[in-house]
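Peer 1: To start, I am sharing the structure in question, which I have written as structure tokens.
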Amino acid sequence: MKSKLGHQTITWKKKQQIQNREIPKTTHCTPRCLRETETSLFLPLHLPRWEPRINENDLFKQDWRSRSKAQVLQYIFLKWTLAFLVGLLTGVIAALINLAIENIAGYKLLAVANYIDKQNYVEGFVYFTTVNLLLTLLASALCVFFAPTAAGPGIPEIKAYLNGVDTPHMFGTTTLMVKIVGSIAAVSAGLDLGKEGPLVHIGSCIASLLGQGGPDNHRIKWRWLRYFNNDRDRRDLITCGSSSGVCAAFRSPVGGVLFALEEVATWWRSALLWRTFFSTAVVVVVLRLSMEYCKNGNCGLFGQGGLILFDVSDVSVRYHVVDIIPVAVIGVIGGVLGSLYNHLLHKILRIYNLINEKGKLHKLLLSLTVSLFTSACLYGLPFLASCTPCDPSLQEACPTTGRVGNFKQFNCPSGHYNDLATLLHTTNDDAVRNIFSTNTATEFQYFSLIIFFALYCILGLFTFGIAVPSGLFLPIILMGSAYGRMLGTILGDYTKIDQGLYAVLGAASLMAGSMRMTVSLCVIFLELTNNLLLLPITMLVLLIAKTVGDCFNPSIYEIILDLKGLPFLDAHPEPWMRNITVGELADVKPPVVTLRGIEKVGRIVEVLRNTTHNGFPVVDDREVPLGHLPTGERELHGLILRAHLLLVLNKKWFLQVRRRTKEWEVREKFTSVDLAERLVKIEEVAVTKDDMEMYVDLHPLTNTTAYTVVETMSVAKALVLFREVGLRHMLVLPKFQGSGVSPVVGILTRQDLRAHNILSVFPHLEKAKAMKEGN
């Protein structure tokens, strides 16, 4: 038997070869982070997918009908309460993280400054390196042995989750605690990474734990939490958490909301917009209160730093038409360097992957090696810079020997300062403040800026990817601000724009060139600078940088998603997808496994043991009028999830005879809370031989509103529907139905709709695509 697929004929023998072929596993996903889910044609293992749409079975409908008006209002009130708690806890934890980092790193730098003042350079280096190694060891050991998912920024995984892919243990209590402690230790160790990405992950963890009533082992079983036992509300809360994390990192409430909208969220609603904005507003209030409290020296060294701030509201920003040219050049440089950074980081992450696969010891050694190299560079490179005499007209203290200040004395004689030490012998946040500083045209020498830029390019490439919590925002800001300031130094008197503002534009351009964000970045920098006059040139820089970067490669987060093997669905289908129908795509998959509305227990157990599908179509014999003979036709009743079948077997809800159950029988055995639990596996269910001969009525647990498409629909249109509606399964129905025709042609999952998976099945499309790109 043969089936026509465009210009290609696929025989059943070839189909069997396709189904049995070996697919190489992705390099970033380890067996620990993978679970069995629906079997797809393309990959042997998959990450679990959550159900973005509410499963509308009879039990769910009855639960909603039974809710009073007061319960509905309570549900709305609780959603806003949880949004408030997400903002409150994220703000408090962000303040504590900043307090800890500023004090740990601050006192470390003060001790090093004392060694240098006494000209004990070797002892200072040993102390500096030892402290950094110990802090790195702490951060790396926590990630390696307790919570591997806490390593990295966490933003790609959050983006994948909000797209419909769930990474196990990503939002657990252990991950949250390791992320907090690990980010404090890693940033305090002077590594070229920031706490901004980890704060996004921390906010998402807080939101997830609040929505489900705590960790899995100690979950609160309050009655009102049953309202949130669905993936849609959990997804909304995690969106609030991610926006709160960005707000906590930059004190940018509107920027946090737009970041969630532009970068991480796949589905968006106006109601969600209000709740995320409410969460970020709470974060800002908490941060402002903490800063006001710490200004008087109540928090050690935190009152003098923490949080990236660059308030230029009192700076007169002036520029002319001629200044548009260097601004555009910054945008082009940012796009080129951003895409180059993405390309090189992709290569380095693949190498790190090979090292990390060798074991936990290799992960630790890699982290410690990077820390040792970083400490040596930060301590030794300032000795290469020449000392600069202090300007007597300066109102600011010069030189300074503490951990803050724009004019660090370091190894220079009295009345002189070391400009490179000003940038390197400080925390990353203070380094941003120093290089962003305005009205300091002669403070930094060109040679020092070149060393600073080259160093952070190298550290930015080799630090990201080690087993510690890390963020990409700050390293990119440091690199971009360096070449922005260099361009401002070169132009000198030929431009009206201050060198500090050129540094801001350089940081914005590199972030847009690497991360490919525009609107959210523009608002974040606007809220950071607090100056509307910078808005036009910032917008121009971001648009040019993103446009140039898109010409070379995807954004850095898309690259990381691909490396981790997360099946993320892009927003726009490929043009060649219009040439394939979903019927043709379903035809090369294994035959769809269906269940009857009233099925034997033995059949259900057999299906669950022999397949890893996560959803099964439920079909029934078509009803005929009284007095007419059966036609043998079958009709689709809906879709039932694997978790609900396991629930039925675990509770032993069996019938002696084949019959439909009553509504009260279902409510007596199941609750909506039961349907949200997905912890049982088929191996854990005990079914006796007598049970195998009994029956189960699947109608009450079947989702009767499953999304279906006709087999003649194009894959491009199906992909848009799948992503925009937020589906987990899509049922493909035949165009013509009748006696002897199955009511379901196939079932598609996100793996089946991914571009490279489709091309692997239809090689003639890949050849055509390659020829078109070649022309």
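Every chain in the structure tokens takes a letter, A first, then B, and so on in the order presented; its residues are numbered from 1, and the ligands are numbered from 1 following the presented order.
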Based on the backbone DSSP call, show me all residues of segment 267-417 of chain A assigned alpha helix (DSSP H), as an mmCIF file with N, CA and C atoms, in the first residue's frame.
Peer 2:
data_model
loop_
_atom_site.group_PDB
_atom_site.id
_atom_site.type_symbol
_atom_site.label_atom_id
_atom_site.label_comp_id
_atom_site.auth_asym_id
_atom_site.auth_seq_id
_atom_site.Cartn_x
_atom_site.Cartn_y
_atom_site.Cartn_z
ATOM 1 N N SER A 270 -5.047 40.907 28.147
ATOM 2 C CA SER A 270 -5.075 42.221 28.795
ATOM 3 C C SER A 270 -5.136 42.094 30.313
ATOM 4 N N ALA A 271 -5.857 41.071 30.818
ATOM 5 C CA ALA A 271 -5.927 40.870 32.269
ATOM 6 C C ALA A 271 -4.551 40.554 32.847
ATOM 7 N N LEU A 272 -3.750 39.812 32.092
ATOM 8 C CA LEU A 272 -2.396 39.478 32.547
ATOM 9 C C LEU A 272 -1.512 40.723 32.563
ATOM 10 N N LEU A 273 -1.750 41.644 31.641
ATOM 11 C CA LEU A 273 -0.989 42.887 31.609
ATOM 12 C C LEU A 273 -1.149 43.663 32.905
ATOM 13 N N TRP A 274 -2.375 43.736 33.413
ATOM 14 C CA TRP A 274 -2.629 44.466 34.653
ATOM 15 C C TRP A 274 -1.941 43.794 35.839
ATOM 16 N N ARG A 275 -2.008 42.480 35.902
ATOM 17 C CA ARG A 275 -1.443 41.781 37.057
ATOM 18 C C ARG A 275 0.086 41.852 37.060
ATOM 19 N N THR A 276 0.709 41.737 35.883
ATOM 20 C CA THR A 276 2.174 41.857 35.844
ATOM 21 C C THR A 276 2.613 43.269 36.227
ATOM 22 N N PHE A 277 1.877 44.260 35.777
ATOM 23 C CA PHE A 277 2.225 45.629 36.141
ATOM 24 C C PHE A 277 2.053 45.856 37.641
ATOM 25 N N PHE A 278 1.025 45.237 38.215
ATOM 26 C CA PHE A 278 0.804 45.338 39.657
ATOM 27 C C PHE A 278 1.962 44.696 40.418
ATOM 28 N N SER A 279 2.432 43.539 39.958
ATOM 29 C CA SER A 279 3.550 42.853 40.615
ATOM 30 C C SER A 279 4.819 43.701 40.551
ATOM 31 N N THR A 280 5.105 44.273 39.385
ATOM 32 C CA THR A 280 6.320 45.079 39.255
ATOM 33 C C THR A 280 6.230 46.361 40.089
ATOM 34 N N ALA A 281 5.013 46.905 40.222
ATOM 35 C CA ALA A 281 4.856 48.098 41.065
ATOM 36 C C ALA A 281 5.179 47.779 42.519
ATOM 37 N N VAL A 282 4.777 46.610 42.973
ATOM 38 C CA VAL A 282 5.092 46.195 44.339
ATOM 39 C C VAL A 282 6.602 46.036 44.510
ATOM 40 N N VAL A 283 7.258 45.470 43.507
ATOM 41 C CA VAL A 283 8.715 45.293 43.572
ATOM 42 C C VAL A 283 9.416 46.640 43.728
ATOM 43 N N VAL A 284 8.989 47.623 42.945
ATOM 44 C CA VAL A 284 9.627 48.941 43.000
ATOM 45 C C VAL A 284 9.469 49.565 44.382
ATOM 46 N N VAL A 285 8.295 49.423 44.959
ATOM 47 C CA VAL A 285 8.054 49.989 46.296
ATOM 48 C C VAL A 285 8.976 49.327 47.321
ATOM 49 N N VAL A 286 9.097 48.004 47.248
ATOM 50 C CA VAL A 286 9.954 47.283 48.202
ATOM 51 C C VAL A 286 11.408 47.709 48.046
ATOM 52 N N LEU A 287 11.884 47.811 46.808
ATOM 53 C CA LEU A 287 13.274 48.216 46.581
ATOM 54 C C LEU A 287 13.530 49.639 47.056
ATOM 55 N N ARG A 288 12.579 50.530 46.793
ATOM 56 C CA ARG A 288 12.753 51.911 47.239
ATOM 57 C C ARG A 288 12.813 51.990 48.766
ATOM 58 N N LEU A 289 11.957 51.239 49.448
ATOM 59 C CA LEU A 289 11.974 51.231 50.912
ATOM 60 C C LEU A 289 13.301 50.687 51.438
ATOM 61 N N SER A 290 13.794 49.630 50.823
ATOM 62 C CA SER A 290 15.055 49.043 51.283
ATOM 63 C C SER A 290 16.213 50.013 51.066
ATOM 64 N N MET A 291 16.226 50.728 49.957
ATOM 65 C CA MET A 291 17.307 51.677 49.690
ATOM 66 C C MET A 291 17.244 52.873 50.642
ATOM 67 N N GLU A 292 16.033 53.331 50.923
ATOM 68 C CA GLU A 292 15.901 54.434 51.874
ATOM 69 C C GLU A 292 16.375 54.029 53.261
ATOM 70 N N TYR A 293 16.075 52.795 53.643
ATOM 71 C CA TYR A 293 16.496 52.302 54.952
ATOM 72 C C TYR A 293 18.013 52.167 55.022
ATOM 73 N N CYS A 294 18.633 51.745 53.917
ATOM 74 C CA CYS A 294 20.071 51.471 53.933
ATOM 75 C C CYS A 294 20.927 52.706 53.667
ATOM 76 N N ILE A 324 23.771 62.055 14.459
ATOM 77 C CA ILE A 324 23.048 60.840 14.075
ATOM 78 C C ILE A 324 23.993 59.832 13.428
ATOM 79 N N ILE A 325 25.030 60.347 12.751
ATOM 80 C CA ILE A 325 25.968 59.440 12.065
ATOM 81 C C ILE A 325 26.722 58.557 13.062
ATOM 82 N N PRO A 326 27.394 59.103 14.092
ATOM 83 C CA PRO A 326 28.055 58.207 15.064
ATOM 84 C C PRO A 326 27.065 57.328 15.832
ATOM 85 N N VAL A 327 25.859 57.846 16.056
ATOM 86 C CA VAL A 327 24.849 57.028 16.722
ATOM 87 C C VAL A 327 24.487 55.821 15.860
ATOM 88 N N ALA A 328 24.324 56.046 14.561
ATOM 89 C CA ALA A 328 24.031 54.933 13.652
ATOM 90 C C ALA A 328 25.200 53.956 13.582
ATOM 91 N N VAL A 329 26.426 54.495 13.630
ATOM 92 C CA VAL A 329 27.610 53.625 13.612
ATOM 93 C C VAL A 329 27.628 52.729 14.851
ATOM 94 N N ILE A 330 27.264 53.287 15.997
ATOM 95 C CA ILE A 330 27.181 52.470 17.220
ATOM 96 C C ILE A 330 26.179 51.348 17.043
ATOM 97 N N GLY A 331 25.030 51.656 16.414
ATOM 98 C CA GLY A 331 24.031 50.620 16.172
ATOM 99 C C GLY A 331 24.548 49.515 15.279
ATOM 100 N N VAL A 332 25.258 49.875 14.212
ATOM 101 C CA VAL A 332 25.819 48.868 13.308
ATOM 102 C C VAL A 332 26.864 48.023 14.024
ATOM 103 N N ILE A 333 27.747 48.691 14.784
ATOM 104 C CA ILE A 333 28.768 47.943 15.543
ATOM 105 C C ILE A 333 28.110 46.996 16.537
ATOM 106 N N GLY A 334 27.066 47.474 17.207
ATOM 107 C CA GLY A 334 26.366 46.617 18.162
ATOM 108 C C GLY A 334 25.744 45.402 17.501
ATOM 109 N N GLY A 335 25.157 45.581 16.313
ATOM 110 C CA GLY A 335 24.571 44.440 15.612
ATOM 111 C C GLY A 335 25.605 43.431 15.169
ATOM 112 N N VAL A 336 26.729 43.922 14.643
ATOM 113 C CA VAL A 336 27.793 43.020 14.173
ATOM 114 C C VAL A 336 28.444 42.299 15.351
ATOM 115 N N LEU A 337 28.838 43.055 16.377
ATOM 116 C CA LEU A 337 29.481 42.430 17.536
ATOM 117 C C LEU A 337 28.523 41.517 18.286
ATOM 118 N N GLY A 338 27.240 41.895 18.362
ATOM 119 C CA GLY A 338 26.263 41.042 19.037
ATOM 120 C C GLY A 338 26.093 39.713 18.343
ATOM 121 N N SER A 339 25.992 39.709 17.019
ATOM 122 C CA SER A 339 25.870 38.454 16.283
ATOM 123 C C SER A 339 27.167 37.647 16.358
ATOM 124 N N LEU A 340 28.319 38.343 16.332
ATOM 125 C CA LEU A 340 29.592 37.639 16.483
ATOM 126 C C LEU A 340 29.708 37.015 17.869
ATOM 127 N N TYR A 341 29.274 37.735 18.880
ATOM 128 C CA TYR A 341 29.280 37.200 20.245
ATOM 129 C C TYR A 341 28.394 35.959 20.331
ATOM 130 N N ASN A 342 27.214 36.000 19.720
ATOM 131 C CA ASN A 342 26.328 34.835 19.721
ATOM 132 C C ASN A 342 26.987 33.643 19.036
ATOM 133 N N HIS A 343 27.640 33.899 17.924
ATOM 134 C CA HIS A 343 28.284 32.813 17.169
ATOM 135 C C HIS A 343 29.407 32.166 17.980
ATOM 136 N N LEU A 344 30.275 32.991 18.562
ATOM 137 C CA LEU A 344 31.393 32.447 19.328
ATOM 138 C C LEU A 344 30.919 31.750 20.601
ATOM 139 N N LEU A 345 29.919 32.338 21.254
ATOM 140 C CA LEU A 345 29.404 31.719 22.475
ATOM 141 C C LEU A 345 28.777 30.368 22.172
ATOM 142 N N HIS A 346 28.145 30.258 21.021
ATOM 143 C CA HIS A 346 27.568 28.970 20.606
ATOM 144 C C HIS A 346 28.660 27.906 20.507
ATOM 145 N N LYS A 347 29.783 28.261 19.900
ATOM 146 C CA LYS A 347 30.881 27.307 19.764
ATOM 147 C C LYS A 347 31.457 26.922 21.125
ATOM 148 N N ILE A 348 31.636 27.919 21.989
ATOM 149 C CA ILE A 348 32.226 27.644 23.306
ATOM 150 C C ILE A 348 31.292 26.795 24.162
ATOM 151 N N LEU A 349 29.998 27.048 24.085
ATOM 152 C CA LEU A 349 29.046 26.253 24.862
ATOM 153 C C LEU A 349 29.051 24.794 24.419
ATOM 154 N N ARG A 350 29.267 24.538 23.154
ATOM 155 C CA ARG A 350 29.355 23.152 22.680
ATOM 156 C C ARG A 350 30.611 22.475 23.253
ATOM 157 N N ILE A 351 31.692 23.223 23.347
ATOM 158 C CA ILE A 351 32.908 22.667 23.961
ATOM 159 C C ILE A 351 32.684 22.410 25.449
ATOM 160 N N TYR A 352 32.075 23.375 26.125
ATOM 161 C CA TYR A 352 31.778 23.201 27.545
ATOM 162 C C TYR A 352 30.867 21.993 27.765
ATOM 163 N N ASN A 353 29.993 21.756 26.822
ATOM 164 C CA ASN A 353 29.094 20.618 26.941
ATOM 165 C C ASN A 353 29.858 19.310 26.980
ATOM 166 N N LEU A 354 30.860 19.206 26.119
ATOM 167 C CA LEU A 354 31.685 17.996 26.101
ATOM 168 C C LEU A 354 32.444 17.831 27.410
ATOM 169 N N ILE A 355 32.909 18.942 27.979
ATOM 170 C CA ILE A 355 33.623 18.873 29.254
ATOM 171 C C ILE A 355 32.667 18.476 30.383
ATOM 172 N N ASN A 356 31.491 19.076 30.417
ATOM 173 C CA ASN A 356 30.541 18.810 31.494
ATOM 174 C C ASN A 356 30.012 17.381 31.460
ATOM 175 N N LYS A 360 30.882 15.368 37.303
ATOM 176 C CA LYS A 360 30.738 16.518 38.189
ATOM 177 C C LYS A 360 32.071 17.169 38.525
ATOM 178 N N LEU A 361 33.109 16.346 38.665
ATOM 179 C CA LEU A 361 34.428 16.903 38.988
ATOM 180 C C LEU A 361 34.909 17.844 37.895
ATOM 181 N N HIS A 362 34.662 17.489 36.642
ATOM 182 C CA HIS A 362 35.079 18.333 35.535
ATOM 183 C C HIS A 362 34.314 19.652 35.528
ATOM 184 N N LYS A 363 33.046 19.626 35.929
ATOM 185 C CA LYS A 363 32.277 20.874 36.022
ATOM 186 C C LYS A 363 32.890 21.810 37.069
ATOM 187 N N LEU A 364 33.246 21.234 38.211
ATOM 188 C CA LEU A 364 33.857 22.044 39.263
ATOM 189 C C LEU A 364 35.210 22.611 38.811
ATOM 190 N N LEU A 365 36.026 21.771 38.188
ATOM 191 C CA LEU A 365 37.342 22.223 37.751
ATOM 192 C C LEU A 365 37.229 23.315 36.688
ATOM 193 N N LEU A 366 36.256 23.199 35.822
ATOM 194 C CA LEU A 366 36.052 24.229 34.800
ATOM 195 C C LEU A 366 35.689 25.562 35.442
ATOM 196 N N SER A 367 34.800 25.525 36.421
ATOM 197 C CA SER A 367 34.401 26.757 37.108
ATOM 198 C C SER A 367 35.575 27.378 37.840
ATOM 199 N N LEU A 368 36.360 26.557 38.520
ATOM 200 C CA LEU A 368 37.506 27.077 39.276
ATOM 201 C C LEU A 368 38.592 27.619 38.347
ATOM 202 N N THR A 369 38.761 26.995 37.190
ATOM 203 C CA THR A 369 39.747 27.491 36.222
ATOM 204 C C THR A 369 39.361 28.876 35.707
ATOM 205 N N VAL A 370 38.095 29.043 35.386
ATOM 206 C CA VAL A 370 37.618 30.353 34.921
ATOM 207 C C VAL A 370 37.770 31.393 36.030
ATOM 208 N N SER A 371 37.480 31.004 37.267
ATOM 209 C CA SER A 371 37.614 31.929 38.390
ATOM 210 C C SER A 371 39.069 32.346 38.590
ATOM 211 N N LEU A 372 39.982 31.390 38.489
ATOM 212 C CA LEU A 372 41.410 31.701 38.654
ATOM 213 C C LEU A 372 41.888 32.653 37.565
ATOM 214 N N PHE A 373 41.489 32.397 36.333
ATOM 215 C CA PHE A 373 41.878 33.270 35.221
ATOM 216 C C PHE A 373 41.296 34.669 35.398
ATOM 217 N N THR A 374 40.038 34.738 35.824
ATOM 218 C CA THR A 374 39.393 36.036 36.042
ATOM 219 C C THR A 374 40.097 36.824 37.138
ATOM 220 N N SER A 375 40.404 36.169 38.245
ATOM 221 C CA SER A 375 41.081 36.858 39.354
ATOM 222 C C SER A 375 42.447 37.379 38.939
ATOM 223 N N ALA A 376 43.186 36.571 38.178
ATOM 224 C CA ALA A 376 44.517 37.004 37.740
ATOM 225 C C ALA A 376 44.426 38.236 36.845
ATOM 226 N N CYS A 377 43.439 38.251 35.947
ATOM 227 C CA CYS A 377 43.286 39.388 35.032
ATOM 228 C C CYS A 377 42.832 40.640 35.785
ATOM 229 N N LEU A 378 41.854 40.490 36.664
ATOM 230 C CA LEU A 378 41.338 41.651 37.376
ATOM 231 C C LEU A 378 42.395 42.276 38.285
ATOM 232 N N TYR A 379 43.234 41.433 38.867
ATOM 233 C CA TYR A 379 44.248 41.949 39.797
ATOM 234 C C TYR A 379 45.483 42.471 39.066
ATOM 235 N N GLY A 380 45.885 41.777 37.991
ATOM 236 C CA GLY A 380 47.169 42.109 37.376
ATOM 237 C C GLY A 380 47.109 43.165 36.299
#
Peer 1: Write down as a list of chain:residue names the residues belonging to segment 386-561 of chain A that are assigned strand (DSSP E or B) by DSSP computed on the backbone.
Peer 2: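 Going through segment 386-561 of chain A, the strand (DSSP E or B) residues come out as A:Thr388, A:Pro389, A:Thr400, A:Lys408, A:His416, A:Tyr417, A:Pro469, A:Gly471.
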Peer 1: Which of these, A:Arg667, A:Arg728, A:Arg603, A:His572, has the shortest distance to Val715 of chain A once you count only C-alpha atoms?
Peer 2: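 Distance minimum relative to Val715 of chain A lands on A:His572.
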Peer 1: Give the answer as one residue: which of A:Val264, A:Ser188, A:Val709, A:Trp664 has the shortest atom-to-atom distance to Gln62 of chain A, using only C-alpha atoms?
Peer 2: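 Looking at the shortest contact to Gln62 of chain A, the residue is A:Trp664.
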Peer 1: Quick one: residues within 8 Å of Asp587 of chain A, only C-alpha atoms, excluding same-chain residues fewer than 4 positions away - as an MDAnalysis selection string?
Peer 2: chainID A and resid 3 583 591 745:746
Peer 1: Once you have the residues from the selection above, write them out as a compact mmCIF listing (two decimals), in the first residue's frame, restricted to N, CA, C and O atoms.
Peer 2:
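The resulting file, part.txt, is reproduced below:
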# COMPACT_ATOMS: atom_id res chain seq x y z
N SER A 3 1.01 5.73 -0.16
CA SER A 3 0.31 6.99 0.03
C SER A 3 1.11 8.09 -0.61
O SER A 3 2.32 8.18 -0.44
N GLY A 583 -2.48 16.14 6.97
CA GLY A 583 -2.78 14.74 6.67
C GLY A 583 -1.56 14.00 6.18
O GLY A 583 -1.31 12.86 6.56
N PRO A 591 0.42 4.54 13.34
CA PRO A 591 -1.05 4.64 13.41
C PRO A 591 -1.50 5.16 14.77
O PRO A 591 -0.95 4.80 15.81
N VAL A 745 -7.56 10.75 11.80
CA VAL A 745 -6.45 10.38 10.92
C VAL A 745 -5.16 10.28 11.71
O VAL A 745 -4.34 9.39 11.49
N GLY A 746 -4.95 11.20 12.64
CA GLY A 746 -3.72 11.20 13.42
C GLY A 746 -3.78 12.26 14.50
O GLY A 746 -4.79 12.97 14.67
Peer 1: Leaving out Arg596 of chain A and any residue of its chain fewer than 2 positions from it, which residues lie within 9 Å of it when counting only C-alpha atoms, given as a list in words?
Peer 2: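 Residues meeting the cut-off are Thr594, Ile598, Glu599, Lys600, Pro617, Val618, Val619, Asp620, Asp621, His637, Asp697 and Leu698 of chain A.
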Peer 1: Determine the nearest neighbour of Ile560 of chain A from the options A:His613, A:Lys159, A:Arg67, A:Arg251, counting only C-alpha atoms.
Peer 2: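 Looking at the shortest contact to Ile560 of chain A, the residue is A:Lys159.
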Peer 1: Name all residues at most 8 Å from Pro389 of chain A (count only C-alpha atoms; drop same-chain ones fewer than 4 positions away) and give them as a list in words.
Peer 2: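 Residues near the query, excluding close chain neighbours: Gly415, His416 and Tyr417 of chain A.
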Peer 1: With a distance cut-off of 10 Å and only C-alpha atoms, select the neighbouring residues of Asp63 of chain A, excluding the residue or stretch itself and same-chain residues fewer than 3 positions from it, and output the selection as a PyMOL selection string.
Peer 2: chain A and resi 58-60+66-67+667+671-672
Peer 1: Store the residues picked out above in a file with N, CA and C atoms, as a compact mmCIF listing (two decimals), in the first residue's frame.
Peer 2:
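Dumped everything to selection_29.txt:
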# COMPACT_ATOMS: atom_id res chain seq x y z
N ASP A 58 -16.41 16.56 31.66
CA ASP A 58 -17.67 16.70 32.41
C ASP A 58 -17.41 17.11 33.86
N LEU A 59 -16.35 16.60 34.45
CA LEU A 59 -16.06 16.92 35.85
C LEU A 59 -15.69 18.39 36.00
N PHE A 60 -14.92 18.91 35.06
CA PHE A 60 -14.55 20.32 35.11
C PHE A 60 -15.79 21.21 34.94
N SER A 66 -20.99 24.52 39.70
CA SER A 66 -21.33 24.48 41.12
C SER A 66 -20.75 25.66 41.90
N ARG A 67 -19.89 26.47 41.26
CA ARG A 67 -19.28 27.59 41.97
C ARG A 67 -20.27 28.75 42.08
N ARG A 667 -18.65 12.32 40.62
CA ARG A 667 -18.33 13.30 41.67
C ARG A 667 -17.99 12.62 42.98
N THR A 671 -12.37 14.51 42.22
CA THR A 671 -12.50 15.96 42.40
C THR A 671 -11.60 16.64 41.38
N SER A 672 -11.78 17.95 41.23
CA SER A 672 -10.93 18.69 40.30
C SER A 672 -9.48 18.68 40.74
Peer 1: Neighbouring residues of segment 123-138 of chain A were defined as those with any atom within 6 Å, considering only C-alpha atoms; residues of the same chain fewer than 4 positions away were excluded. Please report them as a PyMOL selection string.
Peer 2: chain A and resi 112+115+185-186+189+375
Peer 1: For Leu505 of chain A, which residue among A:Val541, A:Val720, A:Ala249, A:Ala139 is the nearest when counting only C-alpha atoms?
Peer 2: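 Nearest to Leu505 of chain A: A:Val541.
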Peer 1: With only C-alpha atoms as the atoms that count, which of A:Ala260, A:Leu561, A:Ile76, A:Ile747 lies nearest to Gly154 of chain A?
Peer 2: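 Of A:Ala260, A:Leu561, A:Ile76, A:Ile747, the one nearest Gly154 of chain A is A:Leu561, counting only C-alpha atoms.
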Peer 1: If I take atom CA of Thr149 of chain A and atom CA of Ile458 of chain A, how far is one from the other in Å, to one decimal?
Peer 2: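 So the answer is 25.0 Å.
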